[in-house]
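File shown: entry_9.txt (compact mmCIF, C-alpha atoms and all ligand atoms).
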# COMPACT_ATOMS: atom_id res chain seq x y z
CA MET A 2 -10.60 17.27 1.71
CA THR A 3 -8.03 14.51 1.59
CA ASN A 4 -8.85 10.86 2.27
CA LEU A 5 -7.14 8.72 4.87
CA SER A 6 -6.91 4.95 4.33
CA TYR A 7 -5.04 2.01 5.86
CA GLU A 8 -3.20 -1.14 4.84
CA VAL A 9 -3.34 -4.36 6.86
CA PHE A 10 -1.87 -7.80 6.17
CA PRO A 11 -3.37 -11.26 6.72
CA PRO A 12 -1.89 -12.78 9.89
CA ASN A 13 -0.27 -16.23 9.87
CA SER A 14 -1.27 -17.37 13.38
CA THR A 15 -4.33 -17.58 15.60
CA VAL A 16 -2.88 -14.94 17.93
CA GLY A 17 -2.17 -12.71 14.96
CA ASN A 18 -5.72 -13.20 13.77
CA GLU A 19 -7.22 -12.13 17.10
CA HIS A 20 -4.91 -9.13 17.13
CA LEU A 21 -6.00 -8.16 13.61
CA CYS A 22 -9.68 -8.45 14.58
CA GLN A 23 -9.07 -5.98 17.44
CA THR A 24 -7.08 -3.71 15.12
CA LEU A 25 -9.88 -3.70 12.54
CA ALA A 26 -12.47 -2.92 15.22
CA THR A 27 -10.40 0.14 16.17
CA LEU A 28 -9.61 1.23 12.60
CA LYS A 29 -13.28 1.07 11.68
CA LYS A 30 -14.05 3.75 14.28
CA LEU A 31 -11.61 6.10 12.54
CA GLN A 32 -13.88 6.00 9.44
CA PRO A 33 -11.21 5.48 6.77
CA ALA A 34 -11.94 5.88 3.05
CA PHE A 35 -10.87 2.23 2.58
CA ILE A 36 -8.70 -0.50 4.06
CA SER A 37 -6.47 -2.50 1.72
CA VAL A 38 -5.45 -6.09 2.48
CA THR A 39 -2.08 -7.33 1.24
CA CYS A 40 -1.50 -10.70 -0.38
CA SER A 41 1.71 -12.42 0.63
CA SER A 42 3.49 -14.31 -2.10
CA LYS A 43 5.15 -16.34 0.69
CA THR A 44 2.15 -18.57 1.29
CA ALA A 45 0.80 -21.40 -0.88
CA ASN A 46 -2.91 -20.64 -1.25
CA LEU A 47 -2.00 -17.03 -1.48
CA ALA A 48 -5.23 -15.16 -1.98
CA GLN A 49 -7.48 -17.13 0.38
CA GLU A 50 -6.59 -15.12 3.48
CA THR A 51 -6.69 -11.86 1.56
CA VAL A 52 -10.24 -12.62 0.46
CA ARG A 53 -11.23 -13.62 4.01
CA ILE A 54 -9.90 -10.41 5.58
CA ALA A 55 -11.30 -8.25 2.76
CA ASP A 56 -14.72 -9.78 3.48
CA LYS A 57 -14.32 -8.89 7.17
CA VAL A 58 -13.35 -5.30 6.33
CA GLN A 59 -16.20 -4.84 3.86
CA ASN A 60 -19.00 -6.64 5.66
CA ASP A 61 -18.17 -6.68 9.39
CA CYS A 62 -16.45 -3.28 9.59
CA HIS A 63 -18.54 -1.70 6.80
CA VAL A 64 -15.44 -0.05 5.37
CA PRO A 65 -14.71 -0.37 1.61
CA ALA A 66 -12.04 -3.08 1.15
CA ILE A 67 -9.33 -3.31 -1.48
CA ALA A 68 -7.82 -6.78 -2.06
CA HIS A 69 -4.19 -6.93 -3.26
CA LEU A 70 -3.49 -9.34 -6.15
CA PRO A 71 0.11 -10.24 -7.16
CA ALA A 72 0.07 -11.04 -10.88
CA LEU A 73 3.14 -13.30 -11.16
CA TYR A 74 1.69 -15.99 -8.94
CA LEU A 75 -1.84 -16.06 -10.31
CA SER A 76 -3.17 -17.81 -13.41
CA LYS A 77 -6.18 -16.48 -15.31
CA ASP A 78 -8.25 -19.23 -13.64
CA ASP A 79 -6.99 -18.14 -10.21
CA VAL A 80 -7.94 -14.55 -10.95
CA ASP A 81 -11.41 -15.57 -12.21
CA SER A 82 -12.00 -17.58 -9.05
CA ILE A 83 -10.72 -14.83 -6.69
CA LEU A 84 -12.80 -12.13 -8.36
CA ALA A 85 -15.89 -14.36 -8.19
CA LYS A 86 -15.35 -14.75 -4.43
CA LEU A 87 -14.76 -11.03 -3.97
CA LYS A 88 -17.98 -10.27 -5.84
CA VAL A 89 -19.92 -12.59 -3.51
CA HIS A 90 -18.58 -10.50 -0.61
CA ASN A 91 -19.41 -7.21 -2.39
CA VAL A 92 -15.73 -6.31 -2.64
CA ASN A 93 -15.27 -4.54 -5.99
CA ARG A 94 -11.83 -2.99 -5.57
CA VAL A 95 -8.43 -4.57 -6.18
CA LEU A 96 -4.83 -3.37 -5.93
CA VAL A 97 -3.06 -5.06 -8.82
CA LEU A 98 0.65 -5.75 -8.32
CA ARG A 99 3.26 -7.73 -10.10
CA GLY A 100 4.53 -9.25 -6.84
CA ASP A 101 8.17 -9.58 -5.83
CA GLU A 102 10.35 -12.16 -7.56
CA ARG A 103 10.59 -15.19 -5.25
CA PRO A 104 12.77 -18.07 -6.50
CA ASN A 105 10.93 -20.66 -4.38
CA LEU A 106 7.46 -19.79 -5.59
CA GLU A 107 6.05 -21.13 -8.84
CA LYS A 108 5.15 -18.41 -11.32
CA LYS A 109 1.97 -18.97 -13.29
CA ASN A 110 3.22 -17.20 -16.45
CA ASP A 111 -0.17 -15.78 -17.48
CA PHE A 112 0.82 -12.23 -16.44
CA ARG A 113 4.34 -10.82 -16.61
CA HIS A 114 3.84 -7.24 -15.48
CA ALA A 115 1.18 -5.70 -13.24
CA SER A 116 -0.15 -3.94 -16.34
CA ASP A 117 -1.00 -7.34 -17.91
CA LEU A 118 -3.30 -8.17 -15.01
CA VAL A 119 -4.74 -4.64 -14.94
CA ASP A 120 -5.60 -5.09 -18.62
CA TYR A 121 -7.16 -8.53 -18.02
CA ILE A 122 -9.38 -7.32 -15.17
CA HIS A 123 -10.31 -4.05 -16.84
CA ILE A 124 -11.50 -5.84 -19.99
CA ASN A 125 -13.17 -8.87 -18.40
CA TYR A 126 -14.41 -7.39 -15.12
CA PRO A 127 -15.20 -3.71 -15.76
CA GLU A 128 -17.22 -3.62 -12.53
CA PHE A 129 -13.94 -3.72 -10.53
CA LYS A 130 -12.08 -0.55 -9.67
CA ILE A 131 -8.35 -1.05 -10.06
CA THR A 132 -5.57 0.59 -8.05
CA GLY A 133 -1.88 0.27 -9.04
CA ALA A 134 1.42 0.70 -7.19
CA CYS A 135 4.01 3.38 -7.96
CA TYR A 136 7.47 4.39 -6.79
CA PRO A 137 8.45 8.06 -6.27
CA GLU A 138 12.11 6.96 -6.03
CA ILE A 139 11.71 4.47 -8.94
CA HIS A 140 11.26 0.71 -8.63
CA PRO A 141 14.58 -1.03 -7.85
CA GLU A 142 14.45 -2.91 -11.17
CA SER A 143 13.90 0.20 -13.29
CA LYS A 144 16.92 1.60 -15.12
CA ASN A 145 15.80 5.20 -14.76
CA MET A 146 12.83 7.50 -14.22
CA VAL A 147 12.09 7.62 -17.96
CA ASP A 148 11.49 3.84 -18.10
CA GLU A 149 9.64 3.94 -14.80
CA ILE A 150 7.18 6.56 -16.02
CA ALA A 151 6.74 4.92 -19.44
CA HIS A 152 5.78 1.61 -17.77
CA LEU A 153 3.59 3.36 -15.22
CA LYS A 154 1.72 5.16 -18.00
CA LEU A 155 1.09 1.78 -19.72
CA LYS A 156 -0.28 0.43 -16.45
CA VAL A 157 -2.56 3.40 -15.79
CA ASP A 158 -3.79 3.46 -19.40
CA ALA A 159 -4.62 -0.26 -19.07
CA GLY A 160 -7.23 0.68 -16.47
CA CYS A 161 -6.00 1.94 -13.07
CA ASP A 162 -8.15 4.62 -11.52
CA GLN A 163 -5.70 5.50 -8.76
CA LEU A 164 -2.15 4.77 -7.60
CA ILE A 165 -0.64 4.21 -4.16
CA THR A 166 3.04 4.96 -3.64
CA GLN A 167 5.76 2.93 -2.03
CA LEU A 168 6.71 4.45 1.32
CA PHE A 169 9.01 7.48 1.21
CA LEU A 170 10.60 9.57 3.95
CA ASP A 171 11.35 12.73 1.99
CA ASN A 172 8.24 14.48 0.69
CA ARG A 173 10.25 16.28 -1.99
CA ASN A 174 10.53 12.94 -3.82
CA TYR A 175 6.75 12.62 -3.84
CA TYR A 176 6.24 16.16 -5.18
CA ARG A 177 8.85 15.67 -7.92
CA PHE A 178 7.28 12.36 -8.92
CA ARG A 179 3.76 13.84 -8.97
CA GLU A 180 4.97 16.62 -11.23
CA ILE A 181 6.66 14.17 -13.63
CA CYS A 182 3.45 12.09 -13.75
CA THR A 183 1.42 15.17 -14.63
CA ILE A 184 3.84 16.06 -17.43
CA ALA A 185 3.61 12.47 -18.72
CA GLY A 186 -0.20 12.62 -18.78
CA ILE A 187 -0.69 10.30 -15.78
CA ASN A 188 -3.67 12.05 -14.29
CA VAL A 189 -5.10 9.59 -11.76
CA PRO A 190 -4.91 10.39 -8.02
CA ILE A 191 -1.52 9.46 -6.51
CA ILE A 192 -2.13 8.45 -2.90
CA ALA A 193 0.92 8.76 -0.65
CA GLY A 194 1.89 5.57 1.20
CA ILE A 195 3.26 6.54 4.60
CA MET A 196 4.87 4.15 7.04
CA PRO A 197 5.55 5.39 10.58
CA ILE A 198 8.97 3.95 11.45
CA ILE A 199 8.66 3.09 15.13
CA ASN A 200 11.46 0.63 15.93
CA VAL A 201 15.02 -0.23 14.98
CA ARG A 202 14.09 -3.56 13.35
CA GLN A 203 11.74 -1.83 10.95
CA ALA A 204 14.25 0.96 10.26
CA THR A 205 17.04 -1.54 9.55
CA ARG A 206 14.84 -3.50 7.15
CA ILE A 207 13.96 -0.37 5.21
CA LEU A 208 17.52 0.94 5.14
CA LYS A 209 18.69 -2.46 3.85
CA THR A 210 16.47 -2.27 0.75
CA GLY A 211 18.38 0.85 -0.31
CA SER A 212 15.34 1.97 -2.30
CA VAL A 213 14.18 4.67 0.12
CA THR A 214 16.21 7.84 0.64
CA VAL A 215 16.74 8.49 4.34
CA PRO A 216 16.89 12.26 4.98
CA ALA A 217 19.47 13.61 7.45
CA LYS A 218 16.66 14.60 9.83
CA PHE A 219 15.42 11.00 10.04
CA GLN A 220 18.97 9.62 10.22
CA SER A 221 19.61 11.86 13.27
CA ILE A 222 16.49 10.52 14.99
CA LEU A 223 17.69 6.96 14.41
CA SER A 224 21.21 7.66 15.67
CA LYS A 225 20.04 9.51 18.77
CA TYR A 226 17.25 7.14 19.84
CA LYS A 227 18.32 3.73 18.53
CA ASP A 228 18.81 2.48 22.10
CA LYS A 229 15.70 4.19 23.48
CA PRO A 230 12.71 2.30 22.03
CA VAL A 231 10.00 4.48 23.59
CA ALA A 232 11.64 7.71 22.44
CA LEU A 233 12.26 6.26 18.97
CA LYS A 234 8.62 5.25 18.68
CA GLN A 235 7.40 8.72 19.67
CA ALA A 236 9.85 10.45 17.35
CA GLY A 237 8.91 8.08 14.49
CA ILE A 238 5.22 8.86 14.94
CA ILE A 239 5.84 12.61 15.04
CA TYR A 240 8.02 12.31 11.92
CA ALA A 241 5.15 10.59 10.08
CA ILE A 242 2.68 13.22 11.33
CA ASP A 243 4.99 15.97 10.10
CA GLN A 244 5.19 14.29 6.67
CA ILE A 245 1.41 13.91 6.49
CA VAL A 246 0.64 17.52 7.51
CA ASP A 247 3.01 18.76 4.82
CA LEU A 248 1.51 16.44 2.18
CA VAL A 249 -2.09 17.35 3.01
CA THR A 250 -1.21 21.04 3.00
CA ASN A 251 0.22 20.53 -0.48
CA ASP A 252 -2.94 18.86 -1.81
CA VAL A 253 -1.94 15.21 -1.76
CA ALA A 254 -4.69 13.00 -3.26
CA GLY A 255 -4.84 10.82 -0.14
CA ILE A 256 -2.76 9.28 2.64
CA HIS A 257 -2.47 5.49 2.90
CA LEU A 258 -0.99 4.44 6.22
CA TYR A 259 0.96 1.19 6.34
CA THR A 260 -0.37 0.16 9.77
CA MET A 261 1.64 -3.08 10.19
CA ASN A 262 -1.60 -4.21 11.91
CA GLN A 263 -0.80 -1.83 14.81
CA ALA A 264 -3.89 0.11 15.83
CA GLU A 265 -2.14 2.06 18.58
CA THR A 266 0.27 3.90 16.28
CA THR A 267 -2.52 4.60 13.81
CA CYS A 268 -4.76 5.97 16.59
CA GLN A 269 -2.01 8.26 17.86
CA ILE A 270 -1.62 9.71 14.39
CA HIS A 271 -5.38 10.05 13.97
CA ARG A 272 -5.81 11.70 17.38
CA ASN A 273 -3.35 14.41 16.36
CA ILE A 274 -4.41 15.11 12.78
CA GLY A 275 -7.76 13.36 12.17
CA ALA A 276 -9.44 16.71 11.50
CA LEU A 277 -7.34 17.10 8.33
CA PHE A 278 -9.26 14.28 6.67
CA GLU A 279 -12.65 13.58 5.19
CA THR A 280 -14.51 10.69 6.84
CA LYS A 281 -16.25 8.36 4.41
CA SER A 282 -17.62 5.20 5.91
CA ALA A 283 -20.42 4.90 8.44
P1 LIG B 301 5.11 -3.49 -12.23
O1 LIG B 301 4.19 -2.34 -12.44
O2 LIG B 301 4.94 -4.66 -13.14
O3 LIG B 301 6.61 -2.93 -12.31
C1 LIG B 301 7.70 -3.72 -11.85
C2 LIG B 301 8.95 -3.41 -12.67
O4 LIG B 301 8.76 -3.83 -14.01
C3 LIG B 301 9.26 -1.90 -12.73
O5 LIG B 301 10.66 -1.75 -12.77
C4 LIG B 301 8.63 -1.48 -14.05
O6 LIG B 301 9.26 -0.33 -14.61
C5 LIG B 301 8.89 -2.73 -14.90
N1 LIG B 301 7.88 -2.88 -15.96
C6 LIG B 301 6.56 -2.73 -15.85
N2 LIG B 301 5.95 -2.93 -17.03
C7 LIG B 301 6.93 -3.23 -17.92
C8 LIG B 301 6.96 -3.54 -19.31
N3 LIG B 301 5.84 -3.58 -20.03
N4 LIG B 301 8.15 -3.82 -19.89
C9 LIG B 301 9.31 -3.80 -19.16
N5 LIG B 301 9.34 -3.49 -17.84
C10 LIG B 301 8.18 -3.21 -17.22
N6 LIG B 301 3.76 -7.31 -3.14
C11 LIG B 301 3.07 -8.44 -2.83
O7 LIG B 301 3.57 -9.55 -3.13
N7 LIG B 301 1.87 -8.41 -2.15
C12 LIG B 301 1.28 -7.23 -1.82
O8 LIG B 301 0.19 -7.23 -1.23
C13 LIG B 301 1.95 -6.01 -2.15
N8 LIG B 301 1.40 -4.81 -1.86
C14 LIG B 301 2.02 -3.64 -2.29
C15 LIG B 301 1.38 -2.40 -2.09
C16 LIG B 301 1.99 -1.22 -2.53
C17 LIG B 301 1.26 0.10 -2.34
C18 LIG B 301 3.26 -1.26 -3.16
C19 LIG B 301 3.94 0.02 -3.60
C20 LIG B 301 3.90 -2.49 -3.35
C21 LIG B 301 3.30 -3.70 -2.94
N9 LIG B 301 3.89 -4.93 -3.18
C22 LIG B 301 3.22 -6.10 -2.83
C23 LIG B 301 5.23 -5.03 -3.76
C24 LIG B 301 5.21 -5.17 -5.31
O9 LIG B 301 4.63 -6.40 -5.69
C25 LIG B 301 6.65 -5.09 -5.77
O10 LIG B 301 7.17 -3.80 -5.55
C26 LIG B 301 6.94 -5.57 -7.19
O11 LIG B 301 8.35 -5.73 -7.32
C27 LIG B 301 6.49 -4.61 -8.28
O12 LIG B 301 5.14 -4.56 -8.36
P2 LIG B 301 4.41 -3.51 -9.38
O13 LIG B 301 2.98 -3.85 -9.33
O14 LIG B 301 4.84 -2.15 -9.11
O15 LIG B 301 5.03 -4.06 -10.76

For this file, produce the structure as structure tokens.
Amino acid sequence: MTNLSYEVFPPNSTVGNEHLCQTLATLKKLQPAFISVTCSSKTANLAQETVRIADKVQNDCHVPAIAHLPALYLSKDDVDSILAKLKVHNVNRVLVLRGDERPNLEKKNDFRHASDLVDYIHINYPEFKITGACYPEIHPESKNMVDEIAHLKLKVDAGCDQLITQLFLDNRNYYRFREICTIAGINVPIIAGIMPIINVRQATRILKTGSVTVPAKFQSILSKYKDKPVALKQAGIIYAIDQIVDLVTNDVAGIHLYTMNQAETTCQIHRNIGALFETKSA
């Protein structure tokens, strides 16, 4: 059966922290395969909060945690120190990313691409399981799918044991991408990252990136309910459920829900289709 997992982000306020604690207490009851914790390249001591929340997930919630690590903003010393802390907390999974280019943030220049950090961890810390990111509609900086897949293959061959996709709203893009990966010899599980779009602000942000195709069906939902927040939320949740049912039916390796730290939306999805998934943690 397929696995269900969640993504949360470290909050930047006391209120946000209390909210996340409640969210984690709820998510734990849904027995996910793992919970991943993002690492914002906006903050100075960037991995500290990621490590703290990953510890909470692993040791308070007893759910396997995956800590995100953005390569551009970490030196080898930073990585050594973060991995040492994760080991103390029994966290042995990381999601290695390059990180987005941010002009105001100092790059450390030890790792240029995510694959460089994958390689470093795989060689020096073989006890860590490494996940990588991938893009069914290609990364915005890639010239074409050929380059995208060539670089992805390098990253996987450097030591990733699974991939999680960028969000997508049209499952056909996932299926096409999965097929191309198979042809290219990328044989690790490709977990589908699904984000329920539940308000106009979120929808606008995603549309603005231009990197996610918005199918006519979703566009109609947005047009019809943009001024009706409750209806838009319900329709957005049902849209995500519809995507997930189709993906699971077509043997997706796993579903990773971008929760935005919102337990309620996640619970609604789980209530409707929880039986489709394997439960892992106690
Ligand atoms: P890479 O794999 O390095 O790829 C980035 C670009 O470089 C691609 O165009 C690729 O084709 C190209 N490339 C790769 N290798 C080479 C090479 N050898 N030569 C030339 N070109 C190459 N960001 C955060 O800051 N914090 C997070 O917690 C976070 N979590 C994420 C979780 C998921 C599931 C996803 C999908 C993204 C996340 N991101 C996060 C965003 C991510 O950091 C950005 O999308 C970033 O721009 C690319 O990261 P990557 O790891 O895919 O990079």

Sorted by chain and rising residue number, list the residues of chain A at most 6 Å from ligand LIG 301 (chain B) (counting only C-alpha atoms and all ligand atoms), each with its closest atom pair and distance in Å to one decimal, as a tab-separated table.
residue	atom	partner	partner_atom	distance
A:Thr39	CA	B:LIG301	O8	3.4
A:Cys40	CA	B:LIG301	O8	4.0
A:Ser41	CA	B:LIG301	N7	4.9
A:Ser42	CA	B:LIG301	O7	4.9
A:His69	CA	B:LIG301	O8	4.8
A:Pro71	CA	B:LIG301	O7	5.4
A:Leu98	CA	B:LIG301	O13	3.2
A:Arg99	CA	B:LIG301	O13	4.0
A:Gly100	CA	B:LIG301	O9	3.1
A:Asp101	CA	B:LIG301	O11	4.1
A:His114	CA	B:LIG301	O2	3.7
A:Ala115	CA	B:LIG301	O2	3.9
A:Ala134	CA	B:LIG301	C19	4.4
A:Cys135	CA	B:LIG301	C19	5.5
A:His140	CA	B:LIG301	O5	4.9
A:Glu142	CA	B:LIG301	O5	4.3
A:Ser143	CA	B:LIG301	O5	3.8
A:Asp148	CA	B:LIG301	O6	5.9
A:Glu149	CA	B:LIG301	O6	4.3
A:His152	CA	B:LIG301	N2	4.6
A:Ile165	CA	B:LIG301	C17	4.9
A:Thr166	CA	B:LIG301	C19	5.0
A:Gln167	CA	B:LIG301	C19	3.8

6 Å contact set for Ser37 (chain A), all atoms listed in the file, chain neighbours under 3 positions out, as a short mmCIF file (atom, residue, chain, number, x, y, z; two decimals) with C-alpha atoms, in the coordinates of the input:
data_model
loop_
_atom_site.label_atom_id
_atom_site.label_comp_id
_atom_site.auth_asym_id
_atom_site.auth_seq_id
_atom_site.Cartn_x
_atom_site.Cartn_y
_atom_site.Cartn_z
CA GLU A 8 -3.20 -1.14 4.84
CA ALA A 66 -12.04 -3.08 1.15
CA ILE A 67 -9.33 -3.31 -1.48
CA ALA A 68 -7.82 -6.78 -2.06
#

Test item: residues at most 9 Å from region 11-18 of chain A, all atoms listed in the file, excluding those fewer than 4 positions along its chain, as a PyMOL selection string
chain A and resi 22-23+38-41+50-51+53-54+262

Enter the distance from CA of Phe178 (chain A) to CA of Asp252 (chain A), in Å, rounded to one decimal.
14.0 Å

For Cys268 (chain A), the nearest of the candidates A:Pro190, A:Pro216, A:Gly133, A:Pro197, counting all atoms listed in the file
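Nearest candidate to Cys268 (chain A) out of A:Pro190, A:Pro216, A:Gly133, A:Pro197: A:Pro197.
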
Give me the residues within 12 Å of region 218-228 of chain A as a list in words, counting only C-alpha atoms and dropping any in the same chain fewer than 6 places off.
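That gives Phe169, Leu170, Asp171, Pro197, Ile198, Ile199, Asn200, Val201, Arg202, Gln203, Ala204, Thr205, Leu208, Lys234, Gln235, Ala236, Gly237, Ile238, Ile239, Tyr240, Ala241, Asp243 and Gln244 of chain A.
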
Pick from A:Leu155, A:Arg94, A:Leu5, A:Leu118, whichever lies nearest to Leu277 (chain A) using all atoms listed in the file:
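Smallest separation from Leu277 (chain A) among the options: A:Leu5.
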